[in-house]
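Asks: Have a look at the structure that comes next, please.
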Amino acid sequence: MRFRRPLAVLLAAVTAGAALVGCSSGSEESRCANNGGIVECAPDQRSAAPTIAGDLLTGGRYDVSQARGQVVVVNFWGSWCAPCRAEADDLEATYQATRASGVTFLGINVQDSRDKAIAFEEGRVTYPSLFDPASRLALALDIPPNTIPATVVLDRQGRIATVIRAAVTTDGLRPIVERIAAEEPASTGSR
């Protein structure tokens, strides 16, 4: 009995430390501007995204490299996540408002069952989602699964332009997506 309290304090300290380590993604984000959970990188500071590919919720496979030349908004979500439910309409509205500008959206469902994920999407979003119950894609992008929702915006060259570590709204997301969509494509042979 007398060891429970010190053990609980130690466990809480280790858990808090692990959460802090998990939330910092090191040197990649340190080169970019961080404004209240929104990390935005200038074009010359952007890193290539890791491979983002997998099985779609509705069947078949998808690889984000198929969308090269488009801005890709990648949103990590779970059916069990209340903020994910709250942001779904805003994501869909931003998708509809920007897709004619060469913007596409991709959801990545984490830590969920396929049935619950499909039921969540019905009537909420029209863009595809990958099924990633083990959260491998989230971890590859330095998104700890316990920090979703999170949204990553890739530029037309497949580089990480923006990382948003919070629920999004149309008013917050749409200007970011429009700004990245309006960028001039990088010319070959420069830098």
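In the structure tokens, chains take the letters A, B, ... in the order shown, each chain's residues start at 1, and ligands count up from 1 in the order shown.
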Excluding same-chain residues fewer than 4 positions from stretch 102-118 of chain A, what lies within 9 Å of it counting only C-alpha atoms, as a count of residues only?

Replies: 40

Asks: Quick one: distance from atom CA of A:Cys81 to atom CA of A:Gly123 in Å, one decimal?

Replies: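 Going from atom CA of A:Cys81 over to atom CA of A:Gly123 covers 17.0 Å.
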
Asks: So, with only C-alpha atoms as the atoms that count, which of A:Leu173, A:Ala88, A:Ala33, A:Val152 lies closest to A:Ile52?

Replies: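 Using only C-alpha atoms, the shortest distance to A:Ile52 belongs to A:Val152.
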
Asks: Run DSSP on the backbone of this structure and report the residues of stretch 9-179 of chain A it assigns to strand (DSSP E), as a ChimeraX atom specification.

Replies: /A:33-35,38-40,53-55,61-63,71-77,103-110,129-132,150-154,160-164

Asks: Keeping N, CA and C atoms for every residue in the selection just given, could you write it to a file as a compact mmCIF listing (two decimals), in the first residue's frame?

Replies:
# COMPACT_ATOMS: atom_id res chain seq x y z
N ALA A 33 8.13 27.99 -38.68
CA ALA A 33 7.39 28.85 -37.75
C ALA A 33 6.31 28.05 -37.03
N ASN A 34 6.28 28.16 -35.71
CA ASN A 34 5.28 27.47 -34.90
C ASN A 34 4.39 28.53 -34.27
N ASN A 35 3.12 28.50 -34.66
CA ASN A 35 2.17 29.48 -34.17
C ASN A 35 0.99 28.77 -33.52
N ILE A 38 0.28 25.27 -34.90
CA ILE A 38 0.33 25.21 -36.36
C ILE A 38 1.77 25.48 -36.77
N VAL A 39 2.39 24.49 -37.37
CA VAL A 39 3.77 24.61 -37.81
C VAL A 39 3.75 24.80 -39.33
N GLU A 40 4.26 25.95 -39.78
CA GLU A 40 4.28 26.24 -41.22
C GLU A 40 5.71 26.42 -41.68
N ALA A 53 0.91 5.48 -47.95
CA ALA A 53 0.19 4.53 -48.81
C ALA A 53 -0.43 3.47 -47.93
N GLY A 54 -1.50 2.87 -48.43
CA GLY A 54 -2.12 1.80 -47.68
C GLY A 54 -3.47 1.41 -48.24
N ASP A 55 -4.20 0.65 -47.44
CA ASP A 55 -5.52 0.17 -47.84
C ASP A 55 -6.58 1.21 -47.54
N ARG A 61 -6.26 0.07 -52.83
CA ARG A 61 -5.06 0.69 -52.27
C ARG A 61 -4.94 2.11 -52.79
N TYR A 62 -4.21 2.92 -52.04
CA TYR A 62 -3.97 4.30 -52.44
C TYR A 62 -2.56 4.69 -52.00
N ASP A 63 -1.88 5.43 -52.86
CA ASP A 63 -0.56 5.97 -52.56
C ASP A 63 -0.61 7.45 -52.86
N VAL A 71 -1.90 19.77 -54.20
CA VAL A 71 -1.75 19.97 -52.77
C VAL A 71 -2.58 18.86 -52.11
N VAL A 72 -2.01 18.19 -51.12
CA VAL A 72 -2.71 17.09 -50.45
C VAL A 72 -2.87 17.44 -48.98
N VAL A 73 -4.10 17.44 -48.52
CA VAL A 73 -4.41 17.67 -47.11
C VAL A 73 -4.68 16.30 -46.49
N VAL A 74 -3.84 15.92 -45.54
CA VAL A 74 -3.93 14.62 -44.89
C VAL A 74 -4.43 14.83 -43.47
N ASN A 75 -5.56 14.22 -43.14
CA ASN A 75 -6.15 14.39 -41.81
C ASN A 75 -6.19 13.05 -41.09
N PHE A 76 -5.62 13.02 -39.88
CA PHE A 76 -5.63 11.84 -39.04
C PHE A 76 -6.84 11.91 -38.10
N TRP A 77 -7.62 10.83 -38.05
CA TRP A 77 -8.86 10.85 -37.29
C TRP A 77 -9.21 9.46 -36.77
N VAL A 103 -6.40 20.73 -55.32
CA VAL A 103 -6.23 20.29 -53.94
C VAL A 103 -7.03 19.00 -53.75
N THR A 104 -6.43 18.04 -53.09
CA THR A 104 -7.14 16.81 -52.75
C THR A 104 -6.99 16.55 -51.26
N PHE A 105 -7.90 15.79 -50.71
CA PHE A 105 -7.88 15.46 -49.29
C PHE A 105 -7.77 13.94 -49.14
N LEU A 106 -7.13 13.53 -48.06
CA LEU A 106 -7.01 12.12 -47.71
C LEU A 106 -7.14 12.01 -46.20
N GLY A 107 -8.07 11.18 -45.76
CA GLY A 107 -8.18 10.89 -44.34
C GLY A 107 -7.34 9.67 -44.02
N ILE A 108 -6.84 9.61 -42.80
CA ILE A 108 -6.17 8.40 -42.32
C ILE A 108 -6.78 8.05 -40.97
N ASN A 109 -7.51 6.95 -40.96
CA ASN A 109 -8.18 6.49 -39.75
C ASN A 109 -7.21 5.67 -38.91
N VAL A 110 -7.08 6.03 -37.63
CA VAL A 110 -6.15 5.34 -36.74
C VAL A 110 -6.87 4.75 -35.54
N SER A 129 -10.32 7.68 -47.36
CA SER A 129 -9.53 7.51 -46.15
C SER A 129 -8.79 6.18 -46.18
N LEU A 130 -7.57 6.21 -45.72
CA LEU A 130 -6.80 4.99 -45.51
C LEU A 130 -7.15 4.42 -44.14
N PHE A 131 -7.06 3.11 -44.02
CA PHE A 131 -7.32 2.41 -42.76
C PHE A 131 -5.97 2.02 -42.17
N ASP A 132 -5.61 2.63 -41.04
CA ASP A 132 -4.31 2.43 -40.42
C ASP A 132 -4.48 2.18 -38.91
N ALA A 150 -5.11 15.54 -36.17
CA ALA A 150 -3.97 16.29 -36.68
C ALA A 150 -4.11 16.34 -38.20
N THR A 151 -3.63 17.43 -38.77
CA THR A 151 -3.73 17.62 -40.22
C THR A 151 -2.37 18.04 -40.75
N VAL A 152 -1.97 17.42 -41.85
CA VAL A 152 -0.70 17.73 -42.51
C VAL A 152 -1.03 18.16 -43.93
N VAL A 153 -0.46 19.29 -44.35
CA VAL A 153 -0.68 19.77 -45.72
C VAL A 153 0.62 19.59 -46.49
N LEU A 154 0.54 18.84 -47.59
CA LEU A 154 1.68 18.60 -48.47
C LEU A 154 1.58 19.53 -49.66
N ILE A 160 6.26 18.48 -46.83
CA ILE A 160 5.42 18.88 -45.69
C ILE A 160 5.47 20.40 -45.56
N ALA A 161 4.34 21.04 -45.84
CA ALA A 161 4.24 22.50 -45.77
C ALA A 161 3.71 22.97 -44.42
N THR A 162 2.72 22.26 -43.90
CA THR A 162 2.07 22.67 -42.65
C THR A 162 1.65 21.44 -41.85
N VAL A 163 1.81 21.54 -40.54
CA VAL A 163 1.33 20.52 -39.61
C VAL A 163 0.46 21.23 -38.58
N ILE A 164 -0.78 20.77 -38.45
CA ILE A 164 -1.72 21.34 -37.49
C ILE A 164 -2.02 20.27 -36.46

Asks: Neighbours of A:Gln45 within 8 Å (only C-alpha atoms; same-chain residues fewer than 4 positions away dropped), as a ChimeraX atom specification?

Replies: /A:31-32,41

Asks: Deliver the residues from the most recent selection as a file, using C-alpha atoms, as a PDB file, in the first residue's frame.

Replies:
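What follows is the written file again35.pdb:
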ATOM      1  CA  ARG A  31      13.334  25.214 -38.744  1.00  0.00           C
ATOM      2  CA  CYS A  32       9.755  26.314 -39.322  1.00  0.00           C
ATOM      3  CA  CYS A  41       7.431  25.762 -43.266  1.00  0.00           C
TER       4      CYS A  41
END

Asks: Out of stretch 72-143 of chain A, which residues get alpha helix (DSSP H) from DSSP, as a PyMOL selection string?

Replies: chain A and resi 82-98+114-121+136-140

Asks: Need the shell around A:Gly158: protein/DNA/RNA residues with any atom at most 7 Å away, counting only C-alpha atoms. Skip same-chain ones fewer than 6 positions apart. Format as an MDAnalysis selection string?

Replies: chainID A and resid 48:49 68
